[in-house]
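Source file: run_28.csv (CSV, C-alpha atoms and all ligand atoms)
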```
chain,number,residue,atom,x,y,z
W,1,LYS,CA,2.2,-0.4,6.2
W,2,SER,CA,5.9,0.4,6.4
W,3,GLY,CA,8.2,3.1,5.2
W,4,PHE,CA,11.3,5.2,5.6
W,5,VAL,CA,11.1,8.6,7.2
W,6,ALA,CA,14.0,11.0,7.2
W,7,LEU,CA,14.4,13.4,10.2
W,8,ILE,CA,16.1,16.6,9.3
W,9,GLY,CA,16.6,19.9,11.0
W,10,ARG,CA,19.2,22.1,12.6
W,11,PRO,CA,21.2,20.9,15.6
W,12,ASN,CA,19.3,21.1,18.9
W,13,VAL,CA,15.8,21.3,17.4
W,14,GLY,CA,15.0,18.1,19.2
W,15,LYS,CA,15.5,15.2,16.7
W,16,SER,CA,17.0,12.9,19.4
W,17,THR,CA,14.4,13.8,21.9
W,18,LEU,CA,11.6,13.0,19.4
W,19,MET,CA,13.2,9.7,18.6
W,20,ASN,CA,13.5,8.8,22.3
W,21,HIS,CA,9.9,9.7,22.8
W,22,VAL,CA,8.4,7.9,19.8
W,23,VAL,CA,10.7,4.9,19.6
W,24,GLY,CA,12.0,4.7,23.1
W,25,ARG,CA,9.6,2.2,24.5
W,26,LYS,CA,8.8,0.3,21.3
W,27,VAL,CA,12.4,0.0,20.1
W,28,ALA,CA,13.3,-2.7,17.7
W,29,ILE,CA,16.7,-1.4,16.7
W,30,MET,CA,18.5,1.7,18.0
W,31,SER,CA,21.7,2.5,16.3
W,32,ASP,CA,23.9,5.5,16.1
W,33,LYS,CA,26.6,3.6,14.3
W,34,PRO,CA,27.3,4.7,10.7
W,35,GLN,CA,25.9,2.3,8.1
W,36,THR,CA,27.1,1.6,4.6
W,37,THR,CA,24.2,3.4,3.0
W,38,ARG,CA,23.7,7.2,3.0
W,39,ASN,CA,20.9,6.9,5.5
W,40,ARG,CA,21.5,5.7,9.0
W,41,ILE,CA,18.7,4.0,11.1
W,42,ARG,CA,17.8,6.0,14.1
W,43,GLY,CA,15.0,3.9,15.3
W,44,ILE,CA,12.1,1.8,14.3
W,45,PHE,CA,8.5,2.2,15.6
W,46,THR,CA,6.3,-0.8,15.3
W,47,ASP,CA,2.6,-1.3,16.2
W,48,GLU,CA,-0.4,-3.1,14.7
W,49,ARG,CA,-0.5,-0.6,11.9
W,50,GLY,CA,3.0,-1.5,10.7
W,51,GLN,CA,6.5,-0.1,10.9
W,52,ILE,CA,8.1,3.3,10.6
W,53,VAL,CA,11.9,3.3,10.0
W,54,PHE,CA,13.3,6.7,11.1
W,55,LEU,CA,16.5,7.7,9.3
W,56,ASP,CA,19.2,10.1,10.1
W,57,THR,CA,20.1,11.5,6.7
W,58,PRO,CA,23.2,13.6,6.2
W,59,GLY,CA,22.5,17.2,7.1
W,60,ILE,CA,22.1,19.9,4.6
W,61,HIS,CA,24.4,22.8,5.6
W,62,LYS,CA,25.5,25.9,3.6
W,63,PRO,CA,28.6,24.6,1.7
W,64,LYS,CA,31.8,26.5,2.3
W,65,SER,CA,33.9,24.5,-0.2
W,66,LYS,CA,33.7,22.2,-3.2
W,67,LEU,CA,33.6,19.2,-0.8
W,68,GLY,CA,30.8,20.9,1.0
W,69,GLU,CA,28.8,21.3,-2.2
W,70,HIS,CA,29.3,17.6,-3.0
W,71,LEU,CA,28.0,16.7,0.5
W,72,VAL,CA,24.9,18.8,-0.1
W,73,GLN,CA,24.3,16.8,-3.4
W,74,THR,CA,24.6,13.6,-1.4
W,75,ALA,CA,22.2,14.8,1.2
W,76,ARG,CA,19.7,15.7,-1.4
W,77,ALA,CA,20.0,12.3,-3.1
W,78,ALA,CA,19.5,10.6,0.3
W,79,LEU,CA,16.2,12.5,0.7
W,80,GLU,CA,15.0,11.3,-2.6
W,81,GLU,CA,15.3,7.7,-1.3
W,82,VAL,CA,12.8,8.0,1.6
W,83,ASP,CA,9.0,8.0,1.7
W,84,LEU,CA,8.6,11.0,3.9
W,85,ILE,CA,10.7,13.8,5.3
W,86,LEU,CA,10.1,15.4,8.7
W,87,LEU,CA,11.6,18.9,8.9
W,88,LEU,CA,11.9,19.7,12.6
W,89,VAL,CA,12.1,23.4,13.6
W,90,ASP,CA,12.3,25.1,17.0
W,91,ALA,CA,9.2,27.1,18.0
W,92,GLU,CA,11.1,29.1,20.6
W,93,GLU,CA,14.1,30.0,18.3
W,94,GLY,CA,11.9,30.8,15.4
W,95,MET,CA,13.0,30.7,11.8
W,96,GLY,CA,16.7,31.0,11.1
W,97,PRO,CA,19.0,31.1,8.1
W,98,GLY,CA,19.7,27.3,8.6
W,99,ASP,CA,16.0,26.5,8.2
W,100,ARG,CA,15.7,28.7,5.1
W,101,PHE,CA,18.7,27.0,3.5
W,102,ILE,CA,17.3,23.5,4.1
W,103,ILE,CA,13.9,24.6,2.7
W,104,GLU,CA,15.4,25.9,-0.5
W,105,HIS,CA,16.9,22.5,-1.0
W,106,LEU,CA,13.7,20.7,-0.2
W,107,LYS,CA,12.1,22.5,-3.2
W,108,GLN,CA,14.3,20.3,-5.4
W,109,VAL,CA,13.3,17.1,-3.8
W,110,GLU,CA,10.0,15.3,-4.7
W,111,THR,CA,9.5,13.5,-1.4
W,112,PRO,CA,6.6,14.9,0.7
W,113,VAL,CA,7.6,17.0,3.7
W,114,PHE,CA,5.9,17.5,7.1
W,115,LEU,CA,6.8,20.6,9.1
W,116,VAL,CA,7.2,19.5,12.7
W,117,VAL,CA,7.2,22.5,15.0
W,118,ASN,CA,8.8,21.4,18.2
W,119,LYS,CA,9.2,22.8,21.7
W,120,ILE,CA,5.6,24.3,21.7
W,121,ASP,CA,5.8,24.0,25.5
W,122,ARG,CA,8.2,27.0,25.3
W,123,VAL,CA,6.0,29.4,23.4
W,124,HIS,CA,2.7,31.2,23.9
W,125,PRO,CA,0.0,29.6,21.7
W,126,ASP,CA,-0.7,33.0,20.0
W,127,ALA,CA,2.9,33.0,18.7
W,128,LEU,CA,2.5,29.7,17.0
W,129,LEU,CA,0.2,30.6,14.1
W,130,PRO,CA,2.3,33.5,12.8
W,131,LEU,CA,5.4,31.3,12.9
W,132,ILE,CA,3.6,28.5,11.0
W,133,ASP,CA,2.4,31.0,8.4
W,134,SER,CA,5.9,32.2,7.8
W,135,TYR,CA,7.1,28.7,7.1
W,136,ARG,CA,4.1,28.0,4.9
W,137,ARG,CA,5.0,31.0,2.8
W,138,LEU,CA,8.3,29.3,1.9
W,139,TYR,CA,7.1,25.8,1.1
W,140,SER,CA,3.9,23.9,0.7
W,141,PHE,CA,4.2,21.3,3.5
W,142,LYS,CA,2.0,18.3,3.3
W,143,GLU,CA,1.2,18.6,7.0
W,144,VAL,CA,2.2,20.9,9.8
W,145,VAL,CA,2.4,19.3,13.2
W,146,PRO,CA,3.1,21.3,16.4
W,147,ILE,CA,4.6,19.1,19.1
W,148,SER,CA,6.6,19.0,22.3
W,149,ALA,CA,9.0,16.1,21.9
W,150,LEU,CA,10.0,16.6,25.5
W,151,GLN,CA,6.5,16.4,27.0
W,152,GLY,CA,5.1,14.1,24.3
W,153,ASN,CA,2.4,16.5,23.3
W,154,ASN,CA,0.9,15.6,20.0
W,155,THR,CA,3.5,13.0,19.1
W,156,GLY,CA,0.8,10.4,18.8
W,157,THR,CA,-0.9,12.6,16.2
W,158,LEU,CA,2.4,12.8,14.3
W,159,VAL,CA,2.7,9.0,14.2
W,160,ASP,CA,-1.0,8.8,13.0
W,161,LEU,CA,-0.2,11.3,10.2
W,162,ILE,CA,2.9,9.4,9.2
W,163,PHE,CA,1.0,6.1,8.9
W,164,ARG,CA,-1.6,7.9,6.8
W,165,GLU,CA,1.1,9.1,4.4
W,166,LEU,CA,2.9,5.7,4.0
R,201,LIG,P1,18.9,17.4,18.2
R,201,LIG,O1,20.3,18.0,18.1
R,201,LIG,O2,18.1,17.9,17.1
R,201,LIG,O3,19.0,15.9,18.3
R,201,LIG,O4,18.3,17.9,19.5
R,201,LIG,P2,18.1,17.2,21.0
R,201,LIG,O5,17.1,16.2,20.9
R,201,LIG,O6,19.4,16.8,21.4
R,201,LIG,O7,17.5,18.4,21.9
R,201,LIG,C1,18.3,19.6,22.1
R,201,LIG,C2,17.8,20.2,23.4
R,201,LIG,O8,16.4,20.7,23.2
R,201,LIG,C3,17.8,19.3,24.6
R,201,LIG,O9,18.3,20.0,25.7
R,201,LIG,C4,16.4,18.9,24.7
R,201,LIG,O10,16.0,18.5,26.1
R,201,LIG,C5,15.6,20.1,24.3
R,201,LIG,N1,14.3,19.8,23.7
R,201,LIG,C6,14.0,18.9,22.8
R,201,LIG,N2,12.7,18.9,22.6
R,201,LIG,C7,12.1,19.8,23.4
R,201,LIG,C8,10.8,20.2,23.7
R,201,LIG,O11,9.8,19.7,23.0
R,201,LIG,N3,10.6,21.2,24.6
R,201,LIG,C9,11.7,21.7,25.3
R,201,LIG,N4,11.4,22.6,26.2
R,201,LIG,N5,13.0,21.3,25.1
R,201,LIG,C10,13.2,20.4,24.2
R,202,MG,MG,20.7,14.6,18.2
```

What is this structure when it is put down as structure tokens?
Ligand code: GDP
Ligand code: MG
Amino acid sequence: KSGFVALIGRPNVGKSTLMNHVVGRKVAIMSDKPQTTRNRIRGIFTDERGQIVFLDTPGIHKPKSKLGEHLVQTARAALEEVDLILLLVDAEEGMGPGDRFIIEHLKQVETPVFLVVNKIDRVHPDALLPLIDSYRRLYSFKEVVPISALQGNNTGTLVDLIFREL
């Protein structure tokens, strides 16, 4: 199995930390250089099940200009090209306008989306379910996966679920 997985989410939700944890030791390619395509390769995870190519797609931000609107269209098109989208959110910060804006745009993309709730090491377990419910009310995520990218909690499960989807 192999496929392309886009990592999206607000700055500081832990996208780089997740990549370092998942791809870090099994790295085939690690590149932060811009590529010619809309999607940049962040890292490739390989094991006996196959290969997952993680991509850094252009971020979706609230446009403040015509150029900004164009960039949002480009970001949406990039998300149509991948097999799966991981939307990372920050369990400690909770839901913000940036998350809501991204989710509104995901409704117009047909690619399946996993909600990855990161930094669970920073919150009480009782706070997690209400937070997940509030996200589920906005969008019907294919999977919801709580993780700590920093401590590596549940990141193996995330990889299992990605392979199941590819
Ligand atoms: P990015 O902007 O989405 O790439 O976010 P980074 O990976 O750079 O992480 C932003 C900050 O959050 C850094 O200080 C990380 O150490 C921290 N961080 C990332 N994941 C976790 C986590 O699971 N738990 C905690 N406590 N901190 C985290
Ligand atoms: Mg980063």

Enumerate residues in contact with ligand MG 202 (chain R): an atom-to-atom distance of at most 10 Å, counting only C-alpha atoms and all ligand atoms. Format the result as JSON, numbers by chain. {"W": [9, 10, 11, 12, 13, 14, 15, 16, 17, 18, 19, 32, 42, 56]}

Do you know which residues are at most 12 Å from Gly96 in chain W counting all atoms listed in the file, after dropping those on the same chain fewer than 3 positions away, and could you put them as a PyMOL selection string? chain W and resi 9-11+13+89-93+99-103+131+134-135

Considering only C-alpha atoms, can you say which of W:Glu143, W:Asp133, W:Glu80, W:Asp160 comes closest to His105 in chain W? W:Glu80

Nearest to ligand LIG 201 (chain R) by atom-to-atom distance, counting all atoms listed in the file, from W:Gln51, W:Thr46, W:Thr157, W:Asn20: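 Of W:Gln51, W:Thr46, W:Thr157, W:Asn20, the one nearest ligand LIG 201 (chain R), counting all atoms listed in the file, is W:Asn20.
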
So which one's closest to ligand LIG 201 (chain R), W:Arg136, W:Lys119, W:Lys107, W:Arg164? Using all atoms listed in the file, please.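 Selected residue with least distance to ligand LIG 201 (chain R): W:Lys119.
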
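The space separating CA of Thr57 in chain W from CA of Ala6 in chain W comes to 6.1 Å.
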
Considering all atoms listed in the file, return as a PyMOL selection string whatever protein or nucleic-acid residues lie within 8 Å of Ile85 in chain W, sequence-local ones (same chain, fewer than 3 positions apart) excluded. chain W and resi 5-8+79+82+111-114

Between W:Pro146, W:Gly156, W:Gly98, W:Gly24, which residue has the minimum interatomic distance to ligand LIG 201 (chain R), considering all atoms listed in the file?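 Nearest to ligand LIG 201 (chain R): W:Pro146.
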
Between CA of Leu86 in chain W and CA of Ser140 in chain W, what is the distance, to one decimal in Å?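 The value is 13.2 Å.
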